[in-house]
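Have a look at final-v1.cif; it's mmCIF, C-alpha atoms:
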```
data_target
#
loop_
_atom_site.group_PDB
_atom_site.id
_atom_site.type_symbol
_atom_site.label_atom_id
_atom_site.label_comp_id
_atom_site.auth_asym_id
_atom_site.auth_seq_id
_atom_site.Cartn_x
_atom_site.Cartn_y
_atom_site.Cartn_z
ATOM 1 C CA MET A 864 81.467 116.001 125.094
ATOM 2 C CA VAL A 865 79.554 112.718 125.481
ATOM 3 C CA VAL A 866 79.006 113.102 129.230
ATOM 4 C CA TYR A 867 77.403 116.554 128.973
ATOM 5 C CA ASP A 868 75.448 115.994 125.760
ATOM 6 C CA ASP A 869 71.850 116.933 126.637
ATOM 7 C CA ASN A 870 70.256 116.130 123.276
ATOM 8 C CA ALA A 871 66.950 114.253 123.560
ATOM 9 C CA TYR A 872 67.578 111.336 121.220
ATOM 10 C CA TYR A 873 64.721 109.712 119.312
ATOM 11 C CA ALA A 874 64.686 106.564 121.469
ATOM 12 C CA PHE A 875 64.405 108.264 124.856
ATOM 13 C CA PRO A 876 60.640 109.057 124.988
ATOM 14 C CA ARG A 877 59.597 105.533 123.949
ATOM 15 C CA ILE A 878 61.860 103.882 126.517
ATOM 16 C CA GLU A 879 60.662 106.235 129.240
ATOM 17 C CA GLN A 880 57.055 105.331 128.359
ATOM 18 C CA GLN A 881 57.972 101.732 129.144
ATOM 19 C CA ARG A 882 59.512 102.832 132.454
ATOM 20 C CA THR A 883 56.254 104.597 133.337
ATOM 21 C CA ALA A 884 54.254 101.464 132.490
ATOM 22 C CA LEU A 885 56.491 99.373 134.778
ATOM 23 C CA LEU A 886 56.110 101.865 137.624
ATOM 24 C CA ARG A 887 52.322 101.491 137.316
ATOM 25 C CA SER A 888 52.287 97.704 136.977
ATOM 26 C CA THR A 889 50.484 95.656 139.639
ATOM 27 C CA ASP A 890 51.891 92.341 138.343
ATOM 28 C CA MET A 891 53.795 90.112 140.758
ATOM 29 C CA VAL A 892 57.040 88.322 139.853
ATOM 30 C CA GLN A 893 59.547 86.155 141.663
ATOM 31 C CA GLN A 894 62.841 87.932 142.263
ATOM 32 C CA VAL A 895 65.977 85.918 143.083
ATOM 33 C CA ASP A 896 68.736 87.210 145.361
ATOM 34 C CA TYR A 897 72.077 85.470 144.727
ATOM 35 C CA GLY A 898 73.996 87.117 147.525
ATOM 36 C CA THR A 899 73.465 90.846 148.049
ATOM 37 C CA GLY A 900 70.586 90.570 150.506
ATOM 38 C CA ALA A 901 71.161 89.924 154.197
ATOM 39 C CA GLU A 902 69.156 86.686 154.278
ATOM 40 C CA SER A 903 70.925 85.304 151.209
ATOM 41 C CA GLN A 904 74.333 86.182 152.648
ATOM 42 C CA ARG A 905 73.518 84.418 155.933
ATOM 43 C CA SER A 906 72.221 81.239 154.292
ATOM 44 C CA GLY A 907 74.659 81.120 151.376
ATOM 45 C CA THR A 908 71.846 80.081 149.027
ATOM 46 C CA PRO A 909 69.687 82.055 146.574
ATOM 47 C CA ILE A 910 66.530 83.547 148.104
ATOM 48 C CA ALA A 911 63.388 83.960 145.976
ATOM 49 C CA THR A 912 60.790 86.557 146.959
ATOM 50 C CA LEU A 913 57.509 87.602 145.373
ATOM 51 C CA ARG A 914 57.518 91.300 144.500
ATOM 52 C CA ARG A 915 55.412 93.780 142.589
ATOM 53 C CA VAL A 916 56.887 94.864 139.272
ATOM 54 C CA ALA A 917 56.268 98.486 140.283
ATOM 55 C CA ASP A 918 58.358 98.041 143.429
ATOM 56 C CA ILE A 919 61.251 96.522 141.488
ATOM 57 C CA ALA A 920 61.019 99.357 138.965
ATOM 58 C CA ARG A 921 61.103 101.981 141.699
ATOM 59 C CA THR A 922 64.139 100.531 143.508
ATOM 60 C CA HIS A 923 66.180 98.763 140.820
ATOM 61 C CA LEU A 924 65.879 100.638 137.524
ATOM 62 C CA GLU A 925 68.781 102.857 136.551
ATOM 63 C CA SER A 926 68.007 106.579 136.476
ATOM 64 C CA PRO A 927 67.299 108.190 133.090
ATOM 65 C CA LYS A 928 70.457 110.304 133.558
ATOM 66 C CA ILE A 929 72.829 107.318 133.729
ATOM 67 C CA ALA A 930 70.853 105.156 131.267
ATOM 68 C CA GLN A 931 70.962 107.943 128.690
ATOM 69 C CA LEU A 932 74.683 108.404 129.298
ATOM 70 C CA LEU A 933 75.097 104.722 128.405
ATOM 71 C CA PHE A 934 73.124 105.308 125.189
ATOM 72 C CA ARG A 935 75.451 108.187 124.282
ATOM 73 C CA LEU A 936 78.566 106.122 125.066
ATOM 74 C CA VAL A 937 77.348 103.349 122.766
ATOM 75 C CA ASN A 938 76.517 105.929 120.101
ATOM 76 C CA TYR A 939 79.985 107.473 120.447
ATOM 77 C CA LEU A 940 81.812 104.134 120.281
ATOM 78 C CA GLY A 941 79.815 103.088 117.226
ATOM 79 C CA SER A 942 80.656 106.277 115.346
ATOM 80 C CA THR A 943 84.308 106.127 116.430
ATOM 81 C CA LEU A 944 84.987 102.446 115.749
ATOM 82 C CA GLN A 945 82.751 102.221 112.666
ATOM 83 C CA LYS A 946 81.731 98.629 113.368
ATOM 84 C CA PRO A 947 78.982 96.700 115.158
ATOM 85 C CA LEU A 948 79.630 96.683 118.880
ATOM 86 C CA THR A 949 79.565 93.873 121.411
ATOM 87 C CA ILE A 950 78.006 95.105 124.663
ATOM 88 C CA VAL A 951 77.715 93.227 127.966
ATOM 89 C CA GLU A 952 75.282 94.157 130.743
ATOM 90 C CA LEU A 953 75.523 92.467 134.141
ATOM 91 C CA GLY A 954 72.124 92.856 135.793
ATOM 92 C CA THR A 955 69.201 93.087 133.364
ATOM 93 C CA SER A 956 66.458 93.765 135.912
ATOM 94 C CA LEU A 957 63.333 94.909 134.012
ATOM 95 C CA GLY A 958 65.245 95.708 130.837
ATOM 96 C CA ILE A 959 65.077 99.510 130.679
ATOM 97 C CA THR A 960 68.843 100.066 130.726
ATOM 98 C CA THR A 961 69.214 97.183 128.287
ATOM 99 C CA ALA A 962 66.887 99.041 125.935
ATOM 100 C CA TYR A 963 69.061 102.153 126.132
ATOM 101 C CA LEU A 964 72.159 100.044 125.371
ATOM 102 C CA ALA A 965 70.481 98.298 122.427
ATOM 103 C CA SER A 966 68.763 101.293 120.797
ATOM 104 C CA PRO A 967 71.652 103.200 119.139
ATOM 105 C CA ALA A 968 72.103 100.552 116.398
ATOM 106 C CA GLN A 969 70.382 97.244 115.689
ATOM 107 C CA ALA A 970 73.689 95.926 114.303
ATOM 108 C CA ASN A 971 75.136 95.966 117.819
ATOM 109 C CA ILE A 972 74.688 92.936 120.070
ATOM 110 C CA VAL A 973 73.778 93.393 123.730
ATOM 111 C CA GLN A 974 74.413 90.330 125.872
ATOM 112 C CA THR A 975 72.601 90.839 129.169
ATOM 113 C CA TYR A 976 72.781 88.680 132.305
ATOM 114 C CA GLU A 977 69.859 88.183 134.717
ATOM 115 C CA GLY A 978 69.283 85.772 137.582
ATOM 116 C CA ALA A 979 65.461 85.675 137.777
ATOM 117 C CA GLN A 980 63.443 84.185 134.922
ATOM 118 C CA GLU A 981 60.180 85.989 135.754
ATOM 119 C CA VAL A 982 61.967 89.346 135.935
ATOM 120 C CA LEU A 983 63.626 88.583 132.588
ATOM 121 C CA ASP A 984 60.218 87.755 131.088
ATOM 122 C CA VAL A 985 59.042 91.274 131.954
ATOM 123 C CA ALA A 986 62.180 92.700 130.349
ATOM 124 C CA LYS A 987 61.543 90.693 127.179
ATOM 125 C CA HIS A 988 58.052 92.212 126.970
ATOM 126 C CA VAL A 989 59.611 95.692 127.192
ATOM 127 C CA TRP A 990 62.002 94.875 124.347
ATOM 128 C CA ARG A 991 59.192 93.513 122.172
ATOM 129 C CA GLU A 992 57.202 96.694 122.736
ATOM 130 C CA LEU A 993 60.238 98.701 121.597
ATOM 131 C CA GLY A 994 60.977 96.442 118.616
ATOM 132 C CA LEU A 995 64.476 95.585 119.844
ATOM 133 C CA THR A 996 65.820 92.349 118.366
ATOM 134 C CA ASN A 997 69.557 92.692 119.079
ATOM 135 C CA ILE A 998 69.466 91.577 122.731
ATOM 136 C CA GLU A 999 70.780 88.184 123.870
ATOM 137 C CA PRO A 1000 69.701 87.391 127.453
ATOM 138 C CA VAL A 1001 71.652 84.942 129.610
ATOM 139 C CA ILE A 1002 69.691 83.544 132.569
ATOM 140 C CA GLY A 1003 71.214 82.236 135.801
ATOM 141 C CA ASN A 1004 73.679 83.138 138.519
ATOM 142 C CA ILE A 1005 76.213 85.537 136.982
ATOM 143 C CA ASN A 1006 78.960 83.855 139.010
ATOM 144 C CA ASP A 1007 78.420 80.838 136.743
ATOM 145 C CA THR A 1008 77.086 82.349 133.506
ATOM 146 C CA LEU A 1009 79.639 85.120 132.923
ATOM 147 C CA PRO A 1010 82.694 82.808 132.829
ATOM 148 C CA ALA A 1011 80.788 80.452 130.545
ATOM 149 C CA HIS A 1012 79.321 82.994 128.101
ATOM 150 C CA CYS A 1013 81.461 86.152 128.136
ATOM 151 C CA PRO A 1014 82.353 87.174 124.556
ATOM 152 C CA LYS A 1015 85.977 87.108 123.474
ATOM 153 C CA HIS A 1016 85.874 90.869 122.871
ATOM 154 C CA VAL A 1017 83.720 93.481 124.637
ATOM 155 C CA ASP A 1018 83.440 97.081 123.435
ATOM 156 C CA LEU A 1019 81.331 98.304 126.347
ATOM 157 C CA ALA A 1020 80.369 96.605 129.605
ATOM 158 C CA TYR A 1021 77.917 97.834 132.220
ATOM 159 C CA VAL A 1022 78.337 96.259 135.674
ATOM 160 C CA ASP A 1023 75.157 96.587 137.772
ATOM 161 C CA ALA A 1024 74.716 93.264 139.544
ATOM 162 C CA ASN A 1025 75.880 92.091 142.974
ATOM 163 C CA HIS A 1026 76.926 95.316 144.752
ATOM 164 C CA THR A 1027 79.646 93.850 146.956
ATOM 165 C CA TYR A 1028 83.406 94.347 146.891
ATOM 166 C CA GLU A 1029 84.186 90.721 146.111
ATOM 167 C CA ALA A 1030 81.573 90.283 143.370
ATOM 168 C CA THR A 1031 82.299 93.610 141.661
ATOM 169 C CA LEU A 1032 86.019 92.860 141.442
ATOM 170 C CA ARG A 1033 85.334 89.302 140.275
ATOM 171 C CA TYR A 1034 83.087 90.509 137.449
ATOM 172 C CA PHE A 1035 85.585 93.225 136.467
ATOM 173 C CA ASN A 1036 88.489 90.754 136.393
ATOM 174 C CA GLN A 1037 86.442 88.291 134.345
ATOM 175 C CA LEU A 1038 85.767 91.047 131.800
ATOM 176 C CA LEU A 1039 89.406 92.225 131.626
ATOM 177 C CA PRO A 1040 90.637 89.605 129.108
ATOM 178 C CA ALA A 1041 87.865 90.701 126.730
ATOM 179 C CA VAL A 1042 88.516 94.459 126.743
ATOM 180 C CA GLY A 1043 90.692 96.300 124.250
ATOM 181 C CA GLU A 1044 92.303 99.715 124.288
ATOM 182 C CA LYS A 1045 89.097 101.368 122.961
ATOM 183 C CA SER A 1046 86.752 99.500 125.334
ATOM 184 C CA ILE A 1047 84.814 101.175 128.149
ATOM 185 C CA VAL A 1048 83.591 99.524 131.351
ATOM 186 C CA VAL A 1049 80.923 101.346 133.366
ATOM 187 C CA VAL A 1050 80.539 100.361 137.029
ATOM 188 C CA ASP A 1051 77.260 101.392 138.660
ATOM 189 C CA ASP A 1052 76.783 102.693 142.213
ATOM 190 C CA ILE A 1053 80.464 103.180 142.984
ATOM 191 C CA HIS A 1054 79.565 105.201 146.111
ATOM 192 C CA HIS A 1055 76.658 102.976 147.149
ATOM 193 C CA SER A 1056 78.565 101.620 150.165
ATOM 194 C CA GLN A 1057 82.035 101.409 151.663
ATOM 195 C CA GLU A 1058 82.437 98.050 149.910
ATOM 196 C CA MET A 1059 81.670 99.600 146.524
ATOM 197 C CA GLU A 1060 84.001 102.539 147.159
ATOM 198 C CA ARG A 1061 86.753 100.053 148.033
ATOM 199 C CA ALA A 1062 86.008 98.086 144.856
ATOM 200 C CA TRP A 1063 86.194 101.300 142.817
ATOM 201 C CA ARG A 1064 89.622 102.152 144.280
ATOM 202 C CA ALA A 1065 90.835 98.629 143.474
ATOM 203 C CA ILE A 1066 89.623 98.982 139.882
ATOM 204 C CA GLN A 1067 91.422 102.321 139.540
ATOM 205 C CA ALA A 1068 94.639 100.646 140.711
ATOM 206 C CA GLU A 1069 94.418 97.828 138.139
ATOM 207 C CA PRO A 1070 97.515 98.094 135.853
ATOM 208 C CA GLN A 1071 95.449 97.629 132.671
ATOM 209 C CA VAL A 1072 93.304 100.676 133.568
ATOM 210 C CA THR A 1073 94.707 103.931 132.186
ATOM 211 C CA SER A 1074 92.095 106.444 133.365
ATOM 212 C CA THR A 1075 88.711 106.646 135.050
ATOM 213 C CA VAL A 1076 85.872 109.143 135.383
ATOM 214 C CA ASP A 1077 83.885 109.256 138.618
ATOM 215 C CA CYS A 1078 80.388 110.518 137.743
ATOM 216 C CA TYR A 1079 79.315 109.876 141.348
ATOM 217 C CA HIS A 1080 76.452 107.489 140.520
ATOM 218 C CA ALA A 1081 78.653 105.496 138.128
ATOM 219 C CA GLY A 1082 82.308 105.157 137.185
ATOM 220 C CA LEU A 1083 83.750 105.003 133.664
ATOM 221 C CA VAL A 1084 86.878 102.915 133.136
ATOM 222 C CA PHE A 1085 89.226 103.325 130.146
ATOM 223 C CA PHE A 1086 92.100 101.173 128.907
ATOM 224 C CA ASN A 1087 93.667 103.254 126.129
ATOM 225 C CA PRO A 1088 97.471 103.297 126.645
ATOM 226 C CA HIS A 1089 97.654 106.672 124.854
ATOM 227 C CA TYR A 1090 95.648 108.346 127.631
ATOM 228 C CA ILE A 1091 97.472 110.067 130.486
ATOM 229 C CA ARG A 1092 96.963 107.945 133.592
ATOM 230 C CA LYS A 1093 94.589 110.096 135.604
ATOM 231 C CA HIS A 1094 91.354 109.746 137.583
ATOM 232 C CA PHE A 1095 88.748 112.443 137.065
ATOM 233 C CA ARG A 1096 85.695 113.456 139.091
ATOM 234 C CA ILE A 1097 82.730 115.172 137.484
ATOM 235 C CA ARG A 1098 79.023 115.674 138.203
ATOM 236 C CA ILE A 1099 76.335 115.035 135.623
#
```
Kindly return the structure encoded in the file as structure tokens.
Amino acid sequence: MVVYDDNAYYAFPRIEQQRTALLRSTDMVQQVDYGTGAESQRSGTPIATLRRVADIARTHLESPKIAQLLFRLVNYLGSTLQKPLTIVELGTSLGITTAYLASPAQANIVQTYEGAQEVLDVAKHVWRELGLTNIEPVIGNINDTLPAHCPKHVDLAYVDANHTYEATLRYFNQLLPAVGEKSIVVVDDIHHSQEMERAWRAIQAEPQVTSTVDCYHAGLVFFNPHYIRKHFRIRI
């Protein structure tokens, strides 16, 4: 089973070396908050703050457990569909999860959305170090860039951006026209807050959704009409 596969794939050690380098970095970058932070929500405008790369890495990077699950999901879809995949990531951050999404096959395309140019520049350095050339970054506020750039078809989407009820549902609904019956959408931090739990329940109730898997730290959403409509809970 993909979720419980504990094989150490070839790409994992090299990506984790990059994570370690980020956690040790003393570089400073400008991070942009488009609405999740308290100050940004009060003012209604993006707030830019200067932060250490190491601090961003410690608080914003996805855990190896979930990032490696994403790698396995991409690997599974590629072997099942037997075609290059189109993958969308909402929330690039420092590019570690992007690297996991892009590593299974260079024929796949990963379109990743980030709001802060200096943060994206660090991510691009990570990808160069890993030799990944199948990543297409989109810079700007995802509220504006996703409607403008979302591919017509998406095989796998990873939603890890603005962790609010309204934004999570908006991103999910914007992705819906692009998903097919074999597509998978992964929503991060579904139990992060009451807002995110409410968003997760709303996603489960969406008529196009046939089944979901609650992995606690993330939720997997399926659209295959041949699946029995059921919502599972597991721990990984």
Show me, as number ranges by chain, the residues that have an atom within 6 Å of segment 945-949 of chain A when counting only C-alpha atoms, minus same-chain residues fewer than 6 positions from it. A: 970-972, 1017-1018
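Going from atom CA of Gln931 of chain A to atom CA of Arg914 of chain A covers 26.6 Å.
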Selection result of the PyMOL selection byres ((chain A and resi 976-989) around 7) on this file, as a PyMOL selection string: chain A and resi 881+892-895+952-958+974-975+990-993+1000-1005
Identify all residues satisfying the PyMOL selection byres ((chain A and resi 1060) around 12) in the given file; provide them as a PyMOL selection string. chain A and resi 1026-1029+1031-1032+1050-1059+1061-1067+1077+1079-1082
Under the rule that all atoms listed in the file are counted, which of A:Asn1087, A:Thr1008, A:Ser926, A:Gln1071 is the nearest residue to Leu1039 of chain A? A:Gln1071
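Residue nearest Val951 of chain A within the list A:Tyr963, A:Tyr1034, A:Tyr1021, A:Phe875: A:Tyr1021 [criterion: smallest interatomic distance, all atoms listed in the file].
With atom CA of Ala1068 of chain A on one side and atom CA of Tyr897 of chain A on the other, the separation reads 27.5 Å.
Picture a line from atom CA of Leu1038 of chain A to atom CA of Leu944 of chain A; it runs 19.7 Å.
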Restricting the calculation to only C-alpha atoms: of A:Gln969, A:Asn938, A:Gly994, A:Asp890, which residue gets closest to Ile878 of chain A? A:Gly994
